[in-house]
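Structure record follows, encoded as structure tokens.
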Amino acid sequence: MKSPYLHIKGIRKVFGPIVAADNVELEISEGEFLTFLGPSGSGKSTTLYILAGFQDPTAGDILLKGASLLSTPPHKRNIGMVFQRYTLFPHLSVGENVAFPLKVRRLSAADIDSRVKRALELVRLEGYEDRMPANMSGGQQQRVALARALVYNPPVLLMDEPLSALDKKLREEIQYEIRRIHQQTGVTILYVTHDQEEALRLSDRIAVFNQGKIEQVGTGPQLYASPSTRFVADFIGDSAFLEGVLTEISEQGASIRFADGSAISGVPVHGNAIVGNKAELMLRPERIELSCGVPDGRPSLRVTVEDITFLGNNTTVELSTGWGSKLAVRMHFGHPLISRIARGDALLVRCAPDTAHVFAAG
Amino acid sequence: MLLTYEKLGAWRWGLAIICVVVCMFLLLPILFICALSFGSSRWLIFPPPGWTLDWYRELFADPRWIGAALTSAKIGLIVTAVSVSLGLLASIALVRGKFKGRSLLRAFFLTPMVLPVVVLAVALYAAFLQLGLNGTLTGFVIAHVVVALPFAVITISGALENFDPAIEDAAVLCGASPWEARFRVTLPSIQHGLFSAAIFSFLISWDEVVLAIFMASPTLQTLPVKVWTTLRQDLTPVIAAASTLLVLLTLALMVAVPLLRKGKKQ
Amino acid sequence: MLSLLRSRDSKLGLALPSIVLLLAFFVVPVAMLLMRSVTEPELGLQNYATLVGSWTYLNVFLNTFLISALVTLVTALIAFPMAWALAIMPGRWPAIVLAVILLSMWTNLLARTYAWMVLLQKTGLINRTLQALGVIDQPLQLTNNLIGVTIGMVYIMLPFMILPLLGVIKKIDPMVLQAAALCGATRWQALCKVLLPLSAPGIASGGLMVFVMSLGYFVTPALLGGTSNMMLAELIAQQVQSLVNWGLGGAAAFVLLVITLALYAIQLRFFEPQVSH
């Protein structure tokens, strides 16, 4: 079996009683764009910093092309990194900033000049060599930081929430640039963010972090359609959770019964599923169907319309179940049902069982 | 409307007059001395009966004046070097250090600035009598570093506080060893702080009177001491000549420092 | 965020040379001086008793306080309108005036004091102008007395009060004064009831600083003052240098030290110092 390009092996980091990273295990292929996604304090930045050399792990190792990275001092690791704060050298011009890693590696002047030029072209800042960082916008500074991180062709590029300091429109522009640069250079990228949209837009795969552990690794569609834990289901995409009790577990899935007697069966189940225990059914607003009709044998729930909100390309209908739980349905513009429903109506909600998930409690 | 210029009405003139008078008050003595240094009156009568460069000739011809100026310069340069070096180390400890009582230590470093110099002068004089350091270059330098150090610490630690340590980390990630990063990135980034500390330290030493009076000996005098002892005897216009040169030095620094700052920014 | 270079070490060692320097050549000598004040010529507090008991020395203390207070008052009276004017002047004027103030502040102290010695002497410009204008017949004694000291000290202290006060007044929102006008206040009322109270912390803080500085000042009082209004600093110097009376000199120094520290503590307690943070 071929060994992975970058192998994060059982990384564990404790600060006294706090476990910042707990047995983080990841195999990353060459040229992959992998995002660490999670809320703050979830361990994603800690893992990244251990890779960069800011911290030593309490246990575990990191292997790049088979060789352990941890035994190398930070300045010899040859890794590129871009931070949230631009960290350009304020006393050097843009060209000198980008040239710095090459000067430190003692390349020839001609070599340095051509490489700097190419790096600036890559980030679409050609001609900016003599500008000072203080005279540039946030977006431009971040691009210079990117050029500086890539100019020495590192095997891995780390990015720690580099776009959080920028406004939304600028963020989208630079996300596009990052994708383009990734395709052009083929460098392996590890990206940290708490923004799921950003993760979905940029990555080949996403590792979802929570409280120091990786809950799930997968592509965007995999995480969206098949979340393996409640946290991942909640973090990626919109979701509603309905509490109930597990009544049956079989090959086809689980059955879950709710307080008003209604039940849904054949749903994929995750976690420590024991019949009779509490569990939650996860539904996504755009994957459930609202209907006025009578139950026809398909699994359905009786609901009451609480509110209807027009949001442009979709309309969201807030519903409450027979036992008081809340959920929402999203219908695209032009859906025939929208004009026929009103607040207070009693309706049915239906879904295909394989689009829902049940997460066992505990 | 008291703080809005347009709405002050007649009071504008009152404030303007006060401003002009005070500016004249501040400026006149300086201009006066500069003018008198070229006047031919031995008794500093103004307006002088004639104009002359005699006082400057006397000043430059007198080896004791030249010697005093050179001594001041020598001491000033040594004090600058020591003060900035110690100040840099102390600032790193204060800003980046990890130990308890940092604010206490900072207050400790600033105390020489707060206390009356005469107390320090007398105390050091007594101590140096025991150590045989009175009238020596070393004694002078030590005394001046004690009073210059607080200013160096303030300016350098201020510059260091405004420097994001992440920039140093970025340099290391770019491949620079920790020491390389400190010398090629951190130090240049705080150079305006180092520069200010150097200027302050030099000026403090150059202008320092009280400590110098106590530390001096007949053979080792700084310029202020020479002026002081001469002043105690009579008000010769040679002092006016020396004062004018000192004023020119101040002017030169006032013009040079912001220019240099601008130059570095470009 | 942690730093690659901000490693585990506390870096206290870097401060060590400075700490050693200050301890050896600041704390210890001053402590030793204090020791001498209670051990020379013999163990006990006689020196302090002398200072307080004898009229000559008490006079010096009184002088020092009175002159410092007078200087502070005059400086404050001039500094306030100056700072006010500087805060609101339009166009390039503030820069020009500020340059004048800075030039004055940075010019050598002795040069400036010398200038006043020449200006105020019996045959100096001031006296000759007054005589020429017919205001006086005989030249006034303006040096070696209270007038000379006050003028000289105010001249030195003005920049130290104008600059911080300028900072305070600039922070006052002009809209507050507009509001006062809208409420019907005349300019005098607005001045006394709004502007002055809002500037008071700056005036008090600057005044305290000027007062403390004046208490310990040596050069200008020594040159422009007379023997009858000798101030503390000169007393200390005289005792030690001319009279080699370490006990008394040390005691006077200690008193000055304690008063300075006490006032500085008050400054820290009640006002945000610009310096320490």
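Chain labels run A, B, ... following the order of the structure tokens; each chain numbers its residues from 1, and ligands are numbered from 1 in the order shown.
Scanning range 101-207 of chain A with DSSP on the backbone, the strand (DSSP E or B) assignments fall on Val156, Leu157, Leu158, Met159, Asp160, Thr188, Ile189, Leu190, Tyr191, Val192, Thr193, Arg205, Ile206 and Ala207 of chain A.
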Mind listing the alpha helix (DSSP H) residues of range 3-246 of chain B, per DSSP on the backbone, as a CSV table (one decimal) with C-alpha atoms, in the first residue's frame?
chain,number,residue,atom,x,y,z
B,11,TRP,CA,-12.7,85.9,22.1
B,12,ARG,CA,-10.7,84.8,19.1
B,13,TRP,CA,-8.6,87.9,19.3
B,14,GLY,CA,-8.0,87.4,23.0
B,15,LEU,CA,-6.7,83.9,22.5
B,16,ALA,CA,-4.7,84.9,19.4
B,17,ILE,CA,-3.0,87.8,21.3
B,18,ILE,CA,-2.2,85.4,24.2
B,19,CYS,CA,-0.8,83.0,21.7
B,20,VAL,CA,1.4,85.5,20.0
B,21,VAL,CA,2.7,87.0,23.2
B,22,VAL,CA,3.6,83.6,24.6
B,23,CYS,CA,5.3,82.6,21.4
B,24,MET,CA,7.3,85.7,21.5
B,25,PHE,CA,8.1,85.1,25.2
B,26,LEU,CA,9.3,81.6,24.3
B,27,LEU,CA,11.2,82.7,21.2
B,28,LEU,CA,12.7,86.0,22.1
B,29,PRO,CA,15.3,84.9,24.6
B,30,ILE,CA,16.7,82.4,22.1
B,31,LEU,CA,16.8,84.8,19.3
B,32,PHE,CA,18.2,87.5,21.6
B,33,ILE,CA,21.2,85.3,22.6
B,34,CYS,CA,21.9,84.3,19.0
B,35,ALA,CA,21.9,88.0,18.0
B,36,LEU,CA,24.1,89.0,20.9
B,54,ASP,CA,35.3,87.6,18.0
B,55,TRP,CA,33.4,85.6,20.5
B,56,TYR,CA,33.2,82.6,18.1
B,57,ARG,CA,36.9,82.9,17.5
B,58,GLU,CA,37.6,83.0,21.2
B,59,LEU,CA,35.3,80.0,21.6
B,60,PHE,CA,37.1,77.9,19.0
B,61,ALA,CA,40.5,79.0,20.0
B,63,PRO,CA,41.2,74.4,24.1
B,64,ARG,CA,39.1,74.1,27.3
B,65,TRP,CA,35.8,74.8,25.4
B,66,ILE,CA,36.8,72.5,22.5
B,67,GLY,CA,37.9,69.9,25.0
B,68,ALA,CA,34.6,70.2,26.9
B,69,ALA,CA,32.6,69.8,23.7
B,70,LEU,CA,34.6,66.8,22.6
B,71,THR,CA,34.2,65.2,26.1
B,72,SER,CA,30.5,65.8,25.9
B,73,ALA,CA,30.3,64.2,22.5
B,74,LYS,CA,32.5,61.2,23.5
B,75,ILE,CA,30.4,60.6,26.6
B,76,GLY,CA,27.2,61.1,24.6
B,77,LEU,CA,28.1,58.5,22.1
B,78,ILE,CA,29.1,55.9,24.7
B,79,VAL,CA,26.0,56.6,26.7
B,80,THR,CA,23.8,56.2,23.6
B,81,ALA,CA,25.4,52.9,22.7
B,82,VAL,CA,25.0,51.5,26.3
B,83,SER,CA,21.5,52.9,26.9
B,84,VAL,CA,20.1,51.6,23.6
B,85,SER,CA,21.6,48.2,24.1
B,86,LEU,CA,20.5,47.8,27.7
B,87,GLY,CA,17.2,49.4,26.8
B,88,LEU,CA,16.6,46.9,24.0
B,89,LEU,CA,17.3,43.9,26.2
B,90,ALA,CA,15.1,45.2,28.9
B,91,SER,CA,12.3,46.0,26.5
B,92,ILE,CA,12.4,42.5,25.1
B,93,ALA,CA,12.1,41.1,28.6
B,94,LEU,CA,9.3,43.5,29.5
B,95,VAL,CA,7.3,43.0,26.3
B,96,ARG,CA,7.9,39.4,25.5
B,102,ARG,CA,6.4,42.6,34.7
B,103,SER,CA,4.6,45.8,35.4
B,104,LEU,CA,6.5,46.2,38.7
B,105,LEU,CA,9.7,45.8,36.8
B,106,ARG,CA,8.6,48.4,34.3
B,107,ALA,CA,7.8,50.9,37.0
B,108,PHE,CA,11.3,50.2,38.5
B,109,PHE,CA,13.0,51.0,35.2
B,110,LEU,CA,11.1,54.3,35.0
B,111,THR,CA,11.9,55.5,38.5
B,112,PRO,CA,15.1,57.4,37.7
B,113,MET,CA,13.0,59.6,35.5
B,114,VAL,CA,10.7,60.5,38.4
B,117,VAL,CA,18.3,64.6,39.7
B,118,VAL,CA,20.1,66.3,42.5
B,119,VAL,CA,19.3,63.5,44.9
B,120,LEU,CA,20.8,61.0,42.4
B,121,ALA,CA,23.8,63.3,41.8
B,122,VAL,CA,24.6,63.6,45.5
B,123,ALA,CA,24.1,59.9,46.1
B,124,LEU,CA,26.3,58.9,43.1
B,125,TYR,CA,28.9,61.5,44.1
B,126,ALA,CA,29.2,59.8,47.5
B,127,ALA,CA,29.3,56.3,46.1
B,128,PHE,CA,31.9,57.3,43.4
B,129,LEU,CA,34.1,58.9,46.1
B,130,GLN,CA,34.4,55.4,47.6
B,131,LEU,CA,34.9,53.8,44.2
B,137,LEU,CA,34.8,58.8,32.0
B,138,THR,CA,33.3,55.6,33.4
B,139,GLY,CA,31.7,57.5,36.2
B,140,PHE,CA,30.1,60.0,33.8
B,141,VAL,CA,28.9,57.3,31.5
B,142,ILE,CA,27.3,55.3,34.4
B,143,ALA,CA,25.6,58.4,35.8
B,144,HIS,CA,24.2,59.4,32.4
B,145,VAL,CA,23.0,55.9,31.5
B,146,VAL,CA,21.0,55.7,34.7
B,147,VAL,CA,19.0,58.8,33.7
B,148,ALA,CA,18.8,57.9,30.0
B,149,LEU,CA,17.8,54.3,30.4
B,150,PRO,CA,14.1,55.0,31.3
B,151,PHE,CA,13.6,57.0,28.0
B,152,ALA,CA,15.2,54.2,26.0
B,153,VAL,CA,13.0,51.6,27.6
B,154,ILE,CA,9.9,53.6,27.0
B,155,THR,CA,10.6,54.3,23.3
B,156,ILE,CA,11.9,50.8,22.5
B,157,SER,CA,9.2,48.9,24.3
B,158,GLY,CA,6.6,51.1,22.7
B,159,ALA,CA,7.9,50.1,19.3
B,160,LEU,CA,8.2,46.5,20.3
B,161,GLU,CA,4.6,46.4,21.6
B,165,PRO,CA,5.2,38.7,16.9
B,166,ALA,CA,3.4,36.7,14.1
B,167,ILE,CA,5.6,38.6,11.6
B,168,GLU,CA,8.7,37.1,13.3
B,169,ASP,CA,7.0,33.7,13.0
B,170,ALA,CA,6.3,34.3,9.3
B,171,ALA,CA,10.0,35.0,8.8
B,172,VAL,CA,10.9,31.7,10.5
B,173,LEU,CA,8.4,29.8,8.3
B,178,PRO,CA,15.3,32.4,14.8
B,179,TRP,CA,18.3,34.6,15.0
B,180,GLU,CA,18.1,35.5,11.4
B,181,ALA,CA,14.5,36.4,11.8
B,187,LEU,CA,15.1,44.8,14.5
B,188,PRO,CA,14.6,46.6,11.2
B,189,SER,CA,10.9,46.8,12.0
B,191,GLN,CA,14.3,50.8,14.0
B,192,HIS,CA,12.3,54.0,14.5
B,193,GLY,CA,12.1,53.1,18.2
B,194,LEU,CA,15.8,52.4,18.4
B,195,PHE,CA,16.5,55.6,16.5
B,196,SER,CA,14.3,57.6,18.9
B,197,ALA,CA,15.9,56.0,21.9
B,198,ALA,CA,19.4,56.9,20.5
B,199,ILE,CA,18.5,60.5,19.9
B,200,PHE,CA,16.9,60.8,23.4
B,201,SER,CA,19.8,59.2,25.1
B,202,PHE,CA,22.4,61.4,23.3
B,203,LEU,CA,20.5,64.6,24.0
B,204,ILE,CA,19.9,63.7,27.6
B,205,SER,CA,23.6,63.1,28.1
B,206,TRP,CA,24.7,66.1,26.0
B,207,ASP,CA,22.4,68.5,27.9
B,210,VAL,CA,23.4,68.5,37.5
B,211,LEU,CA,25.0,65.1,37.5
B,212,ALA,CA,27.8,66.5,35.4
B,213,ILE,CA,28.5,69.2,38.0
B,214,PHE,CA,29.1,66.6,40.6
B,215,MET,CA,30.9,64.1,38.4
B,223,LEU,CA,30.2,71.3,27.9
B,224,PRO,CA,27.4,72.1,30.3
B,225,VAL,CA,29.9,72.0,33.2
B,226,LYS,CA,32.1,74.4,31.3
B,227,VAL,CA,29.1,76.7,30.7
B,228,TRP,CA,28.1,76.5,34.3
B,229,THR,CA,31.4,77.3,35.8
B,230,THR,CA,31.9,80.2,33.4
B,231,LEU,CA,28.4,81.5,34.2
B,232,ARG,CA,29.1,81.5,37.9
B,233,GLN,CA,31.9,83.9,37.2
B,237,PRO,CA,29.4,86.7,25.3
B,238,VAL,CA,31.5,83.6,24.6
B,239,ILE,CA,28.7,81.7,26.4
B,240,ALA,CA,26.3,83.4,23.9
B,241,ALA,CA,28.4,82.0,21.1
B,242,ALA,CA,28.3,78.5,22.7
B,243,SER,CA,24.6,78.8,23.3
B,244,THR,CA,23.9,79.8,19.7
B,245,LEU,CA,25.7,76.8,18.5
B,246,LEU,CA,23.6,74.6,20.9
query = Could you write out as JSON, numbers by chain the residues of chain C within 6 Å of chain B, counting only C-alpha atoms?
reply = {"C": [4, 10, 11, 12, 14, 15, 18, 29, 30, 33, 82, 85, 88, 107, 108, 111, 115, 174, 177, 178, 216, 253]}
ask   = Tyr176 in chain A: which residues within 12 Å, counting only C-alpha atoms, same-chain residues fewer than 4 positions away excluded, as a PyMOL selection string?
value = chain A and resi 123+163+169-172+180-183+198+201-203
ask   = Between A:Ala273, A:Leu157, A:Leu283, A:Ala149, which one has atoms that come closest to chain B, using only C-alpha atoms?
value = A:Ala149
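Non-sequential neighbours of Leu263 in chain C (distance at most 8 Å, separation of 3 or more positions within a chain, only C-alpha atoms) are Leu208, Val212, Ile259, Thr260, Ile266 and Gln267 of chain C.
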Keeping only N, CA and C atoms, write the selected residues to a file as a PDB file, in the first residue's frame.
ATOM      1  N   LEU C 208       0.532  69.233  38.901  1.00  0.00           N
ATOM      2  CA  LEU C 208       1.246  68.393  39.862  1.00  0.00           C
ATOM      3  C   LEU C 208       2.642  68.073  39.334  1.00  0.00           C
ATOM      4  N   VAL C 212       6.103  69.176  41.145  1.00  0.00           N
ATOM      5  CA  VAL C 212       7.118  68.218  41.570  1.00  0.00           C
ATOM      6  C   VAL C 212       8.468  68.539  40.931  1.00  0.00           C
ATOM      7  N   ILE C 259       8.942  63.539  49.608  1.00  0.00           N
ATOM      8  CA  ILE C 259       7.866  64.411  49.096  1.00  0.00           C
ATOM      9  C   ILE C 259       7.593  64.113  47.624  1.00  0.00           C
ATOM     10  N   THR C 260       8.680  63.970  46.846  1.00  0.00           N
ATOM     11  CA  THR C 260       8.505  63.669  45.420  1.00  0.00           C
ATOM     12  C   THR C 260       7.753  62.369  45.221  1.00  0.00           C
ATOM     13  N   ILE C 266       0.386  60.171  44.432  1.00  0.00           N
ATOM     14  CA  ILE C 266      -0.912  60.829  44.263  1.00  0.00           C
ATOM     15  C   ILE C 266      -1.234  60.955  42.779  1.00  0.00           C
ATOM     16  N   GLN C 267      -0.248  61.355  42.025  1.00  0.00           N
ATOM     17  CA  GLN C 267      -0.429  61.487  40.559  1.00  0.00           C
ATOM     18  C   GLN C 267      -0.912  60.167  39.964  1.00  0.00           C
TER      19      GLN C 267
END
ask   = Mind pulling up the distance from CA of Leu37 in chain A to CA of Ile288 in chain A?
value = 26.5 Å
Residues of range 27-51 of chain A at most 12 Å from range 215-229 of chain A: nearest atom pair and distance in Å, only C-alpha atoms, as a Markdown table:
| residue | atom | partner | partner_atom | distance |
| --- | --- | --- | --- | --- |
| A:Glu27 | CA | A:Val217 | CA | 10.1 |
| A:Ile28 | CA | A:Val217 | CA | 10.8 |
| A:Glu32 | CA | A:Thr219 | CA | 11.4 |
| A:Phe33 | CA | A:Thr219 | CA | 10.5 |
| A:Leu34 | CA | A:Thr219 | CA | 9.2 |
| A:Thr35 | CA | A:Val217 | CA | 9.5 |
| A:Phe36 | CA | A:Val217 | CA | 9.2 |
| A:Leu37 | CA | A:Val217 | CA | 9.9 |
| A:Gly38 | CA | A:Glu215 | CA | 9.8 |
| A:Ser42 | CA | A:Glu215 | CA | 10.5 |
| A:Gly43 | CA | A:Glu215 | CA | 11.5 |
| A:Lys44 | CA | A:Glu215 | CA | 11.6 |
task = Restrict the distance test to only C-alpha atoms, flag each residue of chain A within 12 Å of chain B, and return the flagged residues as a PyMOL selection string.
result = chain A and resi 49+51-54+72-93+96-106+130-135+145-154+156-158
Selection near Ile308 in chain A, 12 Å with only C-alpha atoms, sequence-local residues under 2 positions removed, as a VMD selection string = chain A and resid 304 to 306 310 to 311 314 to 319 328 to 331 337 to 345
key: Gln252 in chain A environment, 9 Å, only C-alpha atoms, sequence neighbours closer than 4 positions dropped, as a ChimeraX atom specification   = /A:265-268
Take the residues from that selection and put them in a file with C-alpha atoms, as an mmCIF file, in the first residue's frame.
data_model
loop_
_atom_site.group_PDB
_atom_site.id
_atom_site.type_symbol
_atom_site.label_atom_id
_atom_site.label_comp_id
_atom_site.auth_asym_id
_atom_site.auth_seq_id
_atom_site.Cartn_x
_atom_site.Cartn_y
_atom_site.Cartn_z
ATOM 1 C CA SER A 265 -38.689 3.795 9.621
ATOM 2 C CA GLY A 266 -35.910 2.659 7.350
ATOM 3 C CA VAL A 267 -33.689 5.586 8.221
ATOM 4 C CA PRO A 268 -29.864 5.209 8.338
#
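Proximity to range 237-247 of chain C at 7 Å, evaluated using only C-alpha atoms and with sequence-adjacent residues fewer than 4 positions away removed, yields Arg36, Ser37, Val38, Glu40, Pro41, Asn47, Ala233 and Ala251 of chain C.
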I need the chosen residues saved as a PDB file, in the first residue's frame, with C-alpha atoms.
ATOM      1  CA  ARG C  36      24.378  58.634  56.206  1.00  0.00           C
ATOM      2  CA  SER C  37      21.639  61.049  57.091  1.00  0.00           C
ATOM      3  CA  VAL C  38      20.907  59.037  60.203  1.00  0.00           C
ATOM      4  CA  GLU C  40      26.477  61.179  60.565  1.00  0.00           C
ATOM      5  CA  PRO C  41      27.831  62.721  62.606  1.00  0.00           C
ATOM      6  CA  ASN C  47      19.947  66.031  61.112  1.00  0.00           C
ATOM      7  CA  ALA C 233      18.261  71.385  45.504  1.00  0.00           C
ATOM      8  CA  ALA C 251      18.672  64.338  55.300  1.00  0.00           C
TER       9      ALA C 251
END
query = Quick one: of A:Glu30, A:Asp160, A:Glu25, A:Asp61, who's nearest to chain C, counting only C-alpha atoms?
reply =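 That would be A:Asp160, the residue with the smallest distance to chain C.
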